[in-house]
Every structure is written in structure tokens, then in C-alpha cells.
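A.B. asks: A single structure is presented below for examination.
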Amino acid sequence: ETGVTLLTDEGEYIVYAHFEQGTIVVEKGQQVKRGQLLGKCGNSGNSSEAHLHLHLQDEANMLTAVGAKSYFERILVNDSLHLDYSPVRLDRISPVED
């Protein structure tokens, strides 16, 4: 398994994919908290570099789900703080230290 799907309190699904094989540390049905380790970033997809695929969708099945924009309350984008931001292609994202 190289992916994790989370069901939010709002009934949306967050899909994380391309973890390093064998590093996912959460289990099906487990509740998770913000900042909790899910697994290690890998390149299990069609890529030459380690990366994490993340998207938001309206149902669990990726083949029939409709995607939605993901917004982050506070996020560093290319070393600049952004609030309520939805990343775009080529953004370099970093967490904001509390």
C-alpha cells in the first residue's frame, strides 16, 4: 500500500499517495490528528523524484469522485507566508512552524 485516504469532519476525502513502500504507519479506521505522521514521502508513482500527491475529493472512490481545491490556513509558498492558499503547479511548499 502506498496511499492513505482520510475522511474529514465535513464529509470530504483527502487522498495522499506515493508514500515510500512499507512506511505508512496509520491503519484503516484509525483517527488521525493534525501533524501526525502518516508515512514517509517516496516515489512509488511514475516519477524520478520523491514526492507526495495530495488531493481533495467528494467520495472515497478515486475513479468516480469529483475533485475540489484544497486550501491551507497558513502555509509557506516559495519561502513567503500565505493565508487561506490553494497551491498551484511549481509552488515549493513548506510548513509554518507554530
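Residues are referred to by chain and number: the chain letter is A, B, ... according to the order shown in the C-alpha cells, the number counts from 1 in that chain, and ligands are numbered separately from 1 in the order shown.
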Once DSSP has gone over the backbone, tell me which residues of range 32-89 of chain A are in strand (DSSP E), as an MDAnalysis selection string.
C.D. replies: chainID A and resid 53:57 67:68 72:77 80:85
A.B. asks: Considering only C-alpha atoms, can you say which of A:Val66, A:Glu49, A:Pro95, A:Ile24 comes closest to Leu37 in chain A?
C.D. replies: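 Among A:Val66, A:Glu49, A:Pro95, A:Ile24, it is A:Ile24 that comes nearest to Leu37 in chain A.
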A.B. asks: Excluding Leu6 in chain A and any residue of its chain fewer than 6 positions from it, enumerate the residues within 9 Å of it, using only C-alpha atoms, and give them as a PDB file with N, CA and C atoms, in the first residue's frame.
C.D. replies:
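Output contents, as saved in around.pdb:
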ATOM      1  N   GLU A  12     -15.637  15.157   3.337  1.00  0.00           N
ATOM      2  CA  GLU A  12     -14.776  15.142   2.159  1.00  0.00           C
ATOM      3  C   GLU A  12     -13.640  14.153   2.400  1.00  0.00           C
ATOM      4  N   TYR A  13     -12.982  13.746   1.329  1.00  0.00           N
ATOM      5  CA  TYR A  13     -11.906  12.776   1.416  1.00  0.00           C
ATOM      6  C   TYR A  13     -10.606  13.428   0.966  1.00  0.00           C
ATOM      7  N   ILE A  14      -9.561  13.261   1.757  1.00  0.00           N
ATOM      8  CA  ILE A  14      -8.231  13.739   1.398  1.00  0.00           C
ATOM      9  C   ILE A  14      -7.408  12.507   1.044  1.00  0.00           C
ATOM     10  N   VAL A  15      -6.858  12.513  -0.167  1.00  0.00           N
ATOM     11  CA  VAL A  15      -6.065  11.384  -0.656  1.00  0.00           C
ATOM     12  C   VAL A  15      -4.598  11.787  -0.680  1.00  0.00           C
ATOM     13  N   TYR A  16      -3.748  10.989  -0.037  1.00  0.00           N
ATOM     14  CA  TYR A  16      -2.299  11.152  -0.064  1.00  0.00           C
ATOM     15  C   TYR A  16      -1.747   9.913  -0.763  1.00  0.00           C
ATOM     16  N   GLN A  31      -8.285   7.100  13.769  1.00  0.00           N
ATOM     17  CA  GLN A  31      -8.429   8.551  13.743  1.00  0.00           C
ATOM     18  C   GLN A  31      -7.041   9.167  13.797  1.00  0.00           C
ATOM     19  N   VAL A  32      -6.839  10.229  13.020  1.00  0.00           N
ATOM     20  CA  VAL A  32      -5.547  10.912  12.997  1.00  0.00           C
ATOM     21  C   VAL A  32      -5.730  12.364  13.404  1.00  0.00           C
ATOM     22  N   ALA A  60     -14.984   8.459  -1.592  1.00  0.00           N
ATOM     23  CA  ALA A  60     -13.778   7.649  -1.399  1.00  0.00           C
ATOM     24  C   ALA A  60     -13.214   7.064  -2.693  1.00  0.00           C
TER      25      ALA A  60
END
A.B. asks: Identify, on the basis of only C-alpha atoms, every residue whose closest approach to Gly11 in chain A does not exceed 9 Å; exclude the query and any residue fewer than 3 positions from it along the same chain; express the result as a PyMOL selection string.
C.D. replies: chain A and resi 7-8+58-59
A.B. asks: With only C-alpha atoms as the basis for distance, which of A:Ser70, A:Thr64, A:Asn46, A:Gln21 is at the shortest distance from Pro87 in chain A?
C.D. replies: A:Ser70
A.B. asks: So that I can check the surroundings of Glu73 in chain A, please list as a PyMOL selection string every protein, DNA and RNA residue that reaches within 9 Å of it, counting only C-alpha atoms and ignoring chain neighbours fewer than 5 positions away.
C.D. replies: chain A and resi 82-85
A.B. asks: Could you write those residues out with all heavy atoms, as a PDB file, in the first residue's frame?
C.D. replies:
ATOM      1  N   HIS A  82       1.594  32.523   3.249  1.00  0.00           N
ATOM      2  CA  HIS A  82       0.299  32.740   2.601  1.00  0.00           C
ATOM      3  C   HIS A  82      -0.794  32.229   3.528  1.00  0.00           C
ATOM      4  O   HIS A  82      -0.614  31.215   4.197  1.00  0.00           O
ATOM      5  CB  HIS A  82       0.222  31.984   1.278  1.00  0.00           C
ATOM      6  CG  HIS A  82       1.079  32.566   0.208  1.00  0.00           C
ATOM      7  ND1 HIS A  82       0.591  33.392  -0.762  1.00  0.00           N
ATOM      8  CD2 HIS A  82       2.402  32.447  -0.029  1.00  0.00           C
ATOM      9  CE1 HIS A  82       1.565  33.765  -1.568  1.00  0.00           C
ATOM     10  NE2 HIS A  82       2.687  33.190  -1.140  1.00  0.00           N
ATOM     11  N   LEU A  83      -1.928  32.904   3.552  1.00  0.00           N
ATOM     12  CA  LEU A  83      -3.081  32.506   4.344  1.00  0.00           C
ATOM     13  C   LEU A  83      -4.209  32.076   3.417  1.00  0.00           C
ATOM     14  O   LEU A  83      -4.424  32.697   2.372  1.00  0.00           O
ATOM     15  CB  LEU A  83      -3.551  33.663   5.231  1.00  0.00           C
ATOM     16  CG  LEU A  83      -2.492  34.265   6.151  1.00  0.00           C
ATOM     17  CD1 LEU A  83      -3.074  35.445   6.925  1.00  0.00           C
ATOM     18  CD2 LEU A  83      -1.934  33.226   7.109  1.00  0.00           C
ATOM     19  N   ASP A  84      -4.941  31.018   3.803  1.00  0.00           N
ATOM     20  CA  ASP A  84      -6.065  30.515   3.021  1.00  0.00           C
ATOM     21  C   ASP A  84      -5.667  30.352   1.560  1.00  0.00           C
ATOM     22  O   ASP A  84      -6.275  30.924   0.663  1.00  0.00           O
ATOM     23  CB  ASP A  84      -7.266  31.456   3.167  1.00  0.00           C
ATOM     24  CG  ASP A  84      -8.558  30.791   2.726  1.00  0.00           C
ATOM     25  OD1 ASP A  84      -8.654  29.548   2.806  1.00  0.00           O
ATOM     26  OD2 ASP A  84      -9.461  31.508   2.267  1.00  0.00           O
ATOM     27  N   TYR A  85      -4.636  29.550   1.311  1.00  0.00           N
ATOM     28  CA  TYR A  85      -3.999  29.454  -0.002  1.00  0.00           C
ATOM     29  C   TYR A  85      -4.191  28.069  -0.617  1.00  0.00           C
ATOM     30  O   TYR A  85      -4.096  27.056   0.068  1.00  0.00           O
ATOM     31  CB  TYR A  85      -2.500  29.747   0.138  1.00  0.00           C
ATOM     32  CG  TYR A  85      -1.760  29.772  -1.171  1.00  0.00           C
ATOM     33  CD1 TYR A  85      -1.829  30.874  -2.005  1.00  0.00           C
ATOM     34  CD2 TYR A  85      -0.994  28.687  -1.573  1.00  0.00           C
ATOM     35  CE1 TYR A  85      -1.149  30.900  -3.225  1.00  0.00           C
ATOM     36  CE2 TYR A  85      -0.313  28.705  -2.781  1.00  0.00           C
ATOM     37  CZ  TYR A  85      -0.390  29.810  -3.602  1.00  0.00           C
ATOM     38  OH  TYR A  85       0.273  29.836  -4.795  1.00  0.00           O
TER      39      TYR A  85
END
A.B. asks: Find the distance between CA of Lys69 in chain A and CA of Leu38 in chain A and write it in Å to one decimal.
C.D. replies: 21.4 Å
